[in-house]
Amino acid sequence: MASPLVRTCGFCVVKLQRGGWFSKYVLISTNTFAFTIVRPTTVSPQSKPTPRKNDPKQRVGVVGLEIHAQIHSNTKLFSGARVQFSAPPNSLVSFFDASLPGTLPVINRRCVEAAVMTSLALNCSINKKSLFDRKHYFYADLPAGYQITQHRLPIAVNGSLSYSHLVGQKWSQAVVKTVRIKQIQLEQDSGKSLHDDTRKQTLIDLNRAGVALMEIVMEPDMSCGEEAAAAVRELQLILQALGTCQGNMAEGQLRVDANISVHQPGDPLGVRTEVKNINSARFLAKAIDFEIQRQIDVLVNGGVVHNETRTFDFKLGQTIPMRDKESLQDYRFIPEPNLPPLIVYDNESTPVNADPQQVINIDLIRVNLPELPSAKRTRLVDQYGILPEHSFVLVSEDGLTEYFVSVLQETKAEPKKVIGWVIKELLALLKQYNLTVSQSHISPSSLAELLNLLEMGVISSSAAKQVFLLMWKECDKSPQQIVKEQDLGLVQNEKILEEICQNVLDGHLEEVTAIKKGNKRVLNKLIGLVQKEMKGRADPIMVKTLLERNIS
């Protein structure tokens, strides 16, 4: 498939001829690589398959996932090179990352601890002895010609992940499902290919080469895109809670490969396709659902599903072929000769007088695990009496739970009222301006002060919303200042309210007649009209009393 690698003191050149592609790979210097590709004309994508009607005998989807989670570490898996997103190209490349002769791997303790933490959180059995292997394949962004991974004996096996899947529009229709985790293994990342379509060339950035990954392999226990997306979102929250992976899919810290096939229930599994490198839970759901329907349409029309690798084009909303996998690639796995077996211990097996810095203790890590998302949601519901769906929102947004608790500590308002303001008002503004909770213009103490004014009857609920928006725009002013400057205090002067209520009644005689005939709901409309006249400052209880008295 590829010619032998030719090395000289200054450069190396590789030729690759496959499927009409000619490529040239040149080592320009120890820190800069270039890879040029001459591409054939682009093949127009296939049309989107038409969804078919539900049929009890229709084939169903079978989905398994392979997730590559970048370990949150200051340095790479086997070298001391720093890890930093969007650094200048090839500025974070050690001699080992560039695969210079004579360089040797030194394993990063932090990465092993992160893998053990993740394995425990996902209910895995941890292998006290695991092995590293070389996985051989040629690509320009893999300078060594092999990847160090754990093929024979990974660090953990046989885990599980539970997640909530919404099968309808209402939260009461949510069901808890569990996907089995086959294994978790440590491995190093490859470099990054930077495609320049204008010049028809691809440049190689090795900053990512050697960055530590956890490959989390999920069994084919899911049946649709939404299930897979829900599982990935829950995994993302777990990794973020542990601090083992930041989980930013936009920066490639969490990348998903989906293995998809279809079959009729009770029949053997069908031929699978693999959709590579999906970097969004939303796109994952769309890619899987499209691919399931595409395979069903192929089989219904008498075609054959090919074992191939595909990618998801989010602009077209469909998967497109990359390469076929009919001929199984021989990765020529061999034991990594430069790394000894990776040994971790528990309390019983830890050597006497062992240096804690040289030993990784599974039991010690287990004791220090943080609160996981599922446990946090349960605690929030039990402790504050909020709805389960609200607990999911709090836990899913980074920092929102802490914000909610901080507000509660400084206000007299009930948790159910506070949660409404945090989710409906604050979170809506954060989403509108694409900000995180830590970037909020309104601090927990300011929101607590506003809610206290509302609880004490100083302002009405409609006026409180006006104050809230002004607080967002004028960050340096307190709620009390805004209420005073804008004259938004609650009006409880009976004479003033009496006059306005009567004017509203005189102008809406049809509504008055409907109320007299027993339609009490119309009264809410009249209350709203009074509040509009008073710019939301009227005491709603007093307004209701005056309207009812004047109507009767």
# chains A, B, ... in the order shown; residues from 1 in each chain; ligands from 1
call {"tool": "residues_around", "arguments": {"residues": "Glu455 in chain A", "least_positions_apart": "2", "cutoff": "12 Å", "atoms": "only C-alpha atoms", "output": "list of chain:residue names"}}
result
A:Thr411, A:Lys412, A:Ala413, A:Glu414, A:Lys417, A:Val418, A:Ala448, A:Glu449, A:Leu450, A:Leu451, A:Asn452, A:Leu453, A:Gly457, A:Val458, A:Ile459, A:Ser460, A:Ser461, A:Ala464, A:Leu490
call {"tool": "select_by_dssp", "arguments": {"residues": "range 105-335 of chain A", "states": "strand (DSSP E)", "output": "number ranges by chain"}}
result
A: 125-126, 129-130, 133-136, 146-149, 156-166, 174-188, 192-196, 201-205, 212-222, 254-263, 273-278, 308-313, 318-324, 334-335
call {"tool": "closest_residue", "arguments": {"among": "A:Asn207, A:Ser349, A:Ser190, A:Thr273", "to": "Leu92 in chain A", "atoms": "only C-alpha atoms"}}
result
A:Asn207
call {"tool": "closest_residue", "arguments": {"among": "A:Ala228, A:Leu213, A:Val271, A:Ile67", "to": "Cys111 in chain A", "atoms": "only C-alpha atoms"}}
result
A:Leu213
call {"tool": "closest_residue", "arguments": {"among": "A:Asp346, A:Asp197, A:Glu187, A:Asp221", "to": "Ser160 in chain A", "atoms": "only C-alpha atoms"}}
result
A:Asp221
call {"tool": "residues_around", "arguments": {"residues": "range 359-361 of chain A", "least_positions_apart": "2", "cutoff": "6 Å", "atoms": "only C-alpha atoms", "output": "JSON, numbers by chain"}}
result
{"A": [344, 345, 346, 356, 357, 363, 364]}
call {"tool": "residues_around", "arguments": {"residues": "Gln318 in chain A", "least_positions_apart": "5", "cutoff": "8 Å", "atoms": "only C-alpha atoms", "output": "PDB file with N, CA, C and O atoms, in the first residue's frame"}}
result
ATOM      1  N   LYS A  48     -30.433  12.741   0.303  1.00  0.00           N
ATOM      2  CA  LYS A  48     -30.847  12.304   1.637  1.00  0.00           C
ATOM      3  C   LYS A  48     -31.966  11.294   1.531  1.00  0.00           C
ATOM      4  O   LYS A  48     -32.960  11.527   0.832  1.00  0.00           O
ATOM      5  N   LYS A 286     -27.867  13.363  14.950  1.00  0.00           N
ATOM      6  CA  LYS A 286     -28.297  13.492  13.550  1.00  0.00           C
ATOM      7  C   LYS A 286     -27.573  12.490  12.658  1.00  0.00           C
ATOM      8  O   LYS A 286     -28.188  11.882  11.766  1.00  0.00           O
ATOM      9  N   ALA A 287     -26.272  12.318  12.884  1.00  0.00           N
ATOM     10  CA  ALA A 287     -25.489  11.400  12.050  1.00  0.00           C
ATOM     11  C   ALA A 287     -25.989   9.966  12.198  1.00  0.00           C
ATOM     12  O   ALA A 287     -26.132   9.239  11.207  1.00  0.00           O
ATOM     13  N   PHE A 290     -29.524   9.522  10.639  1.00  0.00           N
ATOM     14  CA  PHE A 290     -29.429   9.497   9.175  1.00  0.00           C
ATOM     15  C   PHE A 290     -28.870   8.171   8.690  1.00  0.00           C
ATOM     16  O   PHE A 290     -29.390   7.563   7.751  1.00  0.00           O
ATOM     17  N   GLU A 291     -27.790   7.701   9.330  1.00  0.00           N
ATOM     18  CA  GLU A 291     -27.127   6.482   8.874  1.00  0.00           C
ATOM     19  C   GLU A 291     -28.024   5.263   9.049  1.00  0.00           C
ATOM     20  O   GLU A 291     -28.033   4.358   8.190  1.00  0.00           O
ATOM     21  N   PHE A 312     -19.582  12.665   8.856  1.00  0.00           N
ATOM     22  CA  PHE A 312     -20.861  13.386   8.862  1.00  0.00           C
ATOM     23  C   PHE A 312     -20.642  14.807   8.374  1.00  0.00           C
ATOM     24  O   PHE A 312     -19.830  15.549   8.921  1.00  0.00           O
ATOM     25  N   ASP A 313     -21.363  15.166   7.317  1.00  0.00           N
ATOM     26  CA  ASP A 313     -21.342  16.528   6.791  1.00  0.00           C
ATOM     27  C   ASP A 313     -22.513  17.272   7.421  1.00  0.00           C
ATOM     28  O   ASP A 313     -23.661  17.067   7.045  1.00  0.00           O
TER      29      ASP A 313
END
call {"tool": "closest_atom_pairs", "arguments": {"of": "range 58-129 of chain A", "to": "range 236-241 of chain A", "cutoff": "12 Å", "atoms": "only C-alpha atoms", "output": "tab-separated table"}}
result
residue	atom	partner	partner_atom	distance
A:Ile67	CA	A:Gln236	CA	10.4
A:His68	CA	A:Gln236	CA	11.3
A:Ala69	CA	A:Leu239	CA	8.6
A:Gln70	CA	A:Leu239	CA	10.1
A:Ile71	CA	A:Leu239	CA	9.2
A:His72	CA	A:Gln240	CA	9.5
A:Ala114	CA	A:Leu239	CA	9.4
A:Ala115	CA	A:Leu239	CA	10.3
A:Val116	CA	A:Leu239	CA	11.9
A:Met117	CA	A:Leu239	CA	9.2
A:Thr118	CA	A:Leu239	CA	7.0
A:Ser119	CA	A:Leu239	CA	10.4
A:Leu120	CA	A:Ile238	CA	11.0
A:Ala121	CA	A:Ile238	CA	7.5
A:Leu122	CA	A:Ile238	CA	8.6
call {"tool": "write_last_selection", "arguments": {"atoms": "C-alpha atoms", "output": "short mmCIF file (atom, residue, chain, number, x, y, z; two decimals), in the first residue's frame"}}
result
data_model
loop_
_atom_site.label_atom_id
_atom_site.label_comp_id
_atom_site.auth_asym_id
_atom_site.auth_seq_id
_atom_site.Cartn_x
_atom_site.Cartn_y
_atom_site.Cartn_z
CA ILE A 67 -15.04 7.84 22.59
CA HIS A 68 -11.63 9.48 22.75
CA ALA A 69 -11.41 11.71 25.81
CA GLN A 70 -8.36 13.96 26.09
CA ILE A 71 -6.97 13.71 29.62
CA HIS A 72 -6.76 17.04 31.43
CA ALA A 114 -7.07 10.11 35.60
CA ALA A 115 -7.71 6.78 33.87
CA VAL A 116 -8.19 5.02 37.22
CA MET A 117 -10.57 7.75 38.45
CA THR A 118 -12.63 7.54 35.27
CA SER A 119 -12.72 3.74 35.42
CA LEU A 120 -14.00 3.81 39.01
CA ALA A 121 -16.68 6.38 38.17
CA LEU A 122 -17.84 4.15 35.30
#
call {"tool": "select_by_dssp", "arguments": {"residues": "range 319-475 of chain A", "states": "helix (DSSP H, G or I)", "output": "PDB file with C-alpha atoms, in the first residue's frame"}}
result
ATOM      1  CA  PRO A 356       3.513   7.322  47.610  1.00  0.00           C
ATOM      2  CA  GLN A 357       4.761   9.321  44.625  1.00  0.00           C
ATOM      3  CA  GLN A 358       5.730   6.096  42.873  1.00  0.00           C
ATOM      4  CA  ILE A 362      -6.921   2.385  43.597  1.00  0.00           C
ATOM      5  CA  ASP A 363      -8.609   2.440  47.034  1.00  0.00           C
ATOM      6  CA  LEU A 364      -7.173   5.847  47.878  1.00  0.00           C
ATOM      7  CA  ILE A 365      -8.460   7.274  44.601  1.00  0.00           C
ATOM      8  CA  ARG A 366     -11.870   5.662  45.182  1.00  0.00           C
ATOM      9  CA  VAL A 367     -12.218   7.343  48.604  1.00  0.00           C
ATOM     10  CA  PRO A 373     -23.701  14.043  38.491  1.00  0.00           C
ATOM     11  CA  SER A 374     -26.357  11.380  39.232  1.00  0.00           C
ATOM     12  CA  ALA A 375     -25.736  11.647  42.978  1.00  0.00           C
ATOM     13  CA  LYS A 376     -25.765  15.444  42.813  1.00  0.00           C
ATOM     14  CA  ARG A 377     -29.121  15.499  41.009  1.00  0.00           C
ATOM     15  CA  THR A 378     -30.651  13.188  43.602  1.00  0.00           C
ATOM     16  CA  ARG A 379     -29.300  15.352  46.439  1.00  0.00           C
ATOM     17  CA  LEU A 380     -30.665  18.559  44.927  1.00  0.00           C
ATOM     18  CA  VAL A 381     -34.144  17.075  44.572  1.00  0.00           C
ATOM     19  CA  ASP A 382     -34.150  15.651  48.113  1.00  0.00           C
ATOM     20  CA  GLN A 383     -32.559  18.661  49.807  1.00  0.00           C
ATOM     21  CA  TYR A 384     -34.381  21.524  48.084  1.00  0.00           C
ATOM     22  CA  PRO A 388     -35.990  16.343  38.686  1.00  0.00           C
ATOM     23  CA  GLU A 389     -35.871  18.204  35.358  1.00  0.00           C
ATOM     24  CA  HIS A 390     -34.609  21.299  37.153  1.00  0.00           C
ATOM     25  CA  SER A 391     -31.847  19.280  38.798  1.00  0.00           C
ATOM     26  CA  PHE A 392     -30.715  18.118  35.346  1.00  0.00           C
ATOM     27  CA  VAL A 393     -30.462  21.729  34.150  1.00  0.00           C
ATOM     28  CA  LEU A 394     -28.498  22.780  37.237  1.00  0.00           C
ATOM     29  CA  VAL A 395     -25.999  19.937  36.913  1.00  0.00           C
ATOM     30  CA  SER A 396     -25.642  20.216  33.133  1.00  0.00           C
ATOM     31  CA  LEU A 400     -25.044  26.750  37.863  1.00  0.00           C
ATOM     32  CA  THR A 401     -25.548  24.494  40.901  1.00  0.00           C
ATOM     33  CA  GLU A 402     -23.076  26.566  42.924  1.00  0.00           C
ATOM     34  CA  TYR A 403     -24.804  29.766  41.770  1.00  0.00           C
ATOM     35  CA  PHE A 404     -28.214  28.423  42.837  1.00  0.00           C
ATOM     36  CA  VAL A 405     -26.945  27.362  46.271  1.00  0.00           C
ATOM     37  CA  SER A 406     -25.232  30.745  46.799  1.00  0.00           C
ATOM     38  CA  VAL A 407     -28.482  32.591  46.082  1.00  0.00           C
ATOM     39  CA  LEU A 408     -30.374  30.357  48.518  1.00  0.00           C
ATOM     40  CA  GLN A 409     -27.891  31.128  51.291  1.00  0.00           C
ATOM     41  CA  GLU A 410     -28.612  34.871  51.023  1.00  0.00           C
ATOM     42  CA  PRO A 415     -35.993  27.143  46.602  1.00  0.00           C
ATOM     43  CA  LYS A 416     -38.821  26.607  44.108  1.00  0.00           C
ATOM     44  CA  LYS A 417     -38.993  30.376  43.495  1.00  0.00           C
ATOM     45  CA  VAL A 418     -35.229  30.720  43.275  1.00  0.00           C
ATOM     46  CA  ILE A 419     -34.930  27.900  40.746  1.00  0.00           C
ATOM     47  CA  GLY A 420     -37.430  29.668  38.483  1.00  0.00           C
ATOM     48  CA  TRP A 421     -35.357  32.849  38.458  1.00  0.00           C
ATOM     49  CA  VAL A 422     -32.079  30.986  37.960  1.00  0.00           C
ATOM     50  CA  ILE A 423     -33.305  28.800  35.082  1.00  0.00           C
ATOM     51  CA  LYS A 424     -35.930  30.945  33.331  1.00  0.00           C
ATOM     52  CA  GLU A 425     -34.412  34.393  33.736  1.00  0.00           C
ATOM     53  CA  LEU A 426     -30.660  34.102  34.351  1.00  0.00           C
ATOM     54  CA  LEU A 427     -29.936  31.078  32.152  1.00  0.00           C
ATOM     55  CA  ALA A 428     -32.017  32.549  29.320  1.00  0.00           C
ATOM     56  CA  LEU A 429     -29.840  35.675  29.286  1.00  0.00           C
ATOM     57  CA  LEU A 430     -26.642  33.634  29.483  1.00  0.00           C
ATOM     58  CA  LYS A 431     -27.743  31.611  26.452  1.00  0.00           C
ATOM     59  CA  GLN A 432     -28.817  34.741  24.598  1.00  0.00           C
ATOM     60  CA  VAL A 437     -22.260  31.177  34.500  1.00  0.00           C
ATOM     61  CA  SER A 438     -18.924  32.583  35.667  1.00  0.00           C
ATOM     62  CA  GLN A 439     -19.363  35.439  33.151  1.00  0.00           C
ATOM     63  CA  PRO A 444     -25.636  35.488  43.294  1.00  0.00           C
ATOM     64  CA  SER A 445     -25.775  38.183  46.055  1.00  0.00           C
ATOM     65  CA  SER A 446     -27.418  40.698  43.677  1.00  0.00           C
ATOM     66  CA  LEU A 447     -30.074  38.187  42.637  1.00  0.00           C
ATOM     67  CA  ALA A 448     -30.623  37.272  46.295  1.00  0.00           C
ATOM     68  CA  GLU A 449     -31.109  40.968  47.141  1.00  0.00           C
ATOM     69  CA  LEU A 450     -33.665  41.318  44.347  1.00  0.00           C
ATOM     70  CA  LEU A 451     -35.593  38.271  45.574  1.00  0.00           C
ATOM     71  CA  ASN A 452     -35.581  39.653  49.106  1.00  0.00           C
ATOM     72  CA  LEU A 453     -37.184  42.882  47.848  1.00  0.00           C
ATOM     73  CA  LEU A 454     -39.817  40.760  46.131  1.00  0.00           C
ATOM     74  CA  GLU A 455     -40.426  38.659  49.247  1.00  0.00           C
ATOM     75  CA  SER A 461     -43.088  40.269  40.327  1.00  0.00           C
ATOM     76  CA  SER A 462     -43.419  42.160  37.026  1.00  0.00           C
ATOM     77  CA  ALA A 463     -41.383  45.057  38.401  1.00  0.00           C
ATOM     78  CA  ALA A 464     -38.783  42.560  39.660  1.00  0.00           C
ATOM     79  CA  LYS A 465     -38.282  41.343  36.082  1.00  0.00           C
ATOM     80  CA  GLN A 466     -37.743  44.918  34.928  1.00  0.00           C
ATOM     81  CA  VAL A 467     -35.192  45.429  37.691  1.00  0.00           C
ATOM     82  CA  PHE A 468     -33.484  42.150  36.727  1.00  0.00           C
ATOM     83  CA  LEU A 469     -32.978  43.303  33.127  1.00  0.00           C
ATOM     84  CA  LEU A 470     -31.654  46.665  34.308  1.00  0.00           C
ATOM     85  CA  MET A 471     -29.269  44.859  36.675  1.00  0.00           C
ATOM     86  CA  TRP A 472     -27.914  42.944  33.677  1.00  0.00           C
ATOM     87  CA  LYS A 473     -27.283  46.184  31.757  1.00  0.00           C
TER      88      LYS A 473
END
call {"tool": "residues_around", "arguments": {"residues": "Val504 in chain A", "least_positions_apart": "3", "cutoff": "9 Å", "atoms": "only C-alpha atoms", "output": "number ranges by chain"}}
result
A: 499-501, 507-508, 526, 529-530
call {"tool": "atom_distance", "arguments": {"atom1": "CA of Pro88 in chain A", "atom2": "CA of Gln253 in chain A"}}
result
17.9 Å
call {"tool": "atom_distance", "arguments": {"atom1": "CA of Asp355 in chain A", "atom2": "CA of Leu339 in chain A"}}
result
20.3 Å
call {"tool": "closest_residue", "arguments": {"among": "A:Glu474, A:Asn503, A:Arg537, A:Gly159", "to": "Val491 in chain A", "atoms": "only C-alpha atoms"}}
result
A:Arg537
call {"tool": "residues_around", "arguments": {"residues": "Asn259 in chain A", "least_positions_apart": "6", "cutoff": "9 Å", "atoms": "only C-alpha atoms", "output": "PyMOL selection string"}}
result
chain A and resi 62-66+220+272-276+288
call {"tool": "residues_around", "arguments": {"residues": "range 174-176 of chain A", "least_positions_apart": "4", "cutoff": "8 Å", "atoms": "only C-alpha atoms", "output": "list in words"}}
result
Ser162, Tyr163, Ser164, His165, Leu166, Val167, Gly168 and Lys170 of chain A
call {"tool": "write_last_selection", "arguments": {"atoms": "C-alpha atoms", "output": "CSV table (one decimal), in the first residue's frame"}}
result
chain,number,residue,atom,x,y,z
A,162,SER,CA,-26.5,4.9,33.2
A,163,TYR,CA,-28.2,7.9,31.5
A,164,SER,CA,-31.7,9.4,31.2
A,165,HIS,CA,-33.3,9.3,27.8
A,166,LEU,CA,-36.4,11.4,27.0
A,167,VAL,CA,-38.7,9.2,24.8
A,168,GLY,CA,-41.4,11.9,24.6
A,170,LYS,CA,-42.7,15.4,28.8
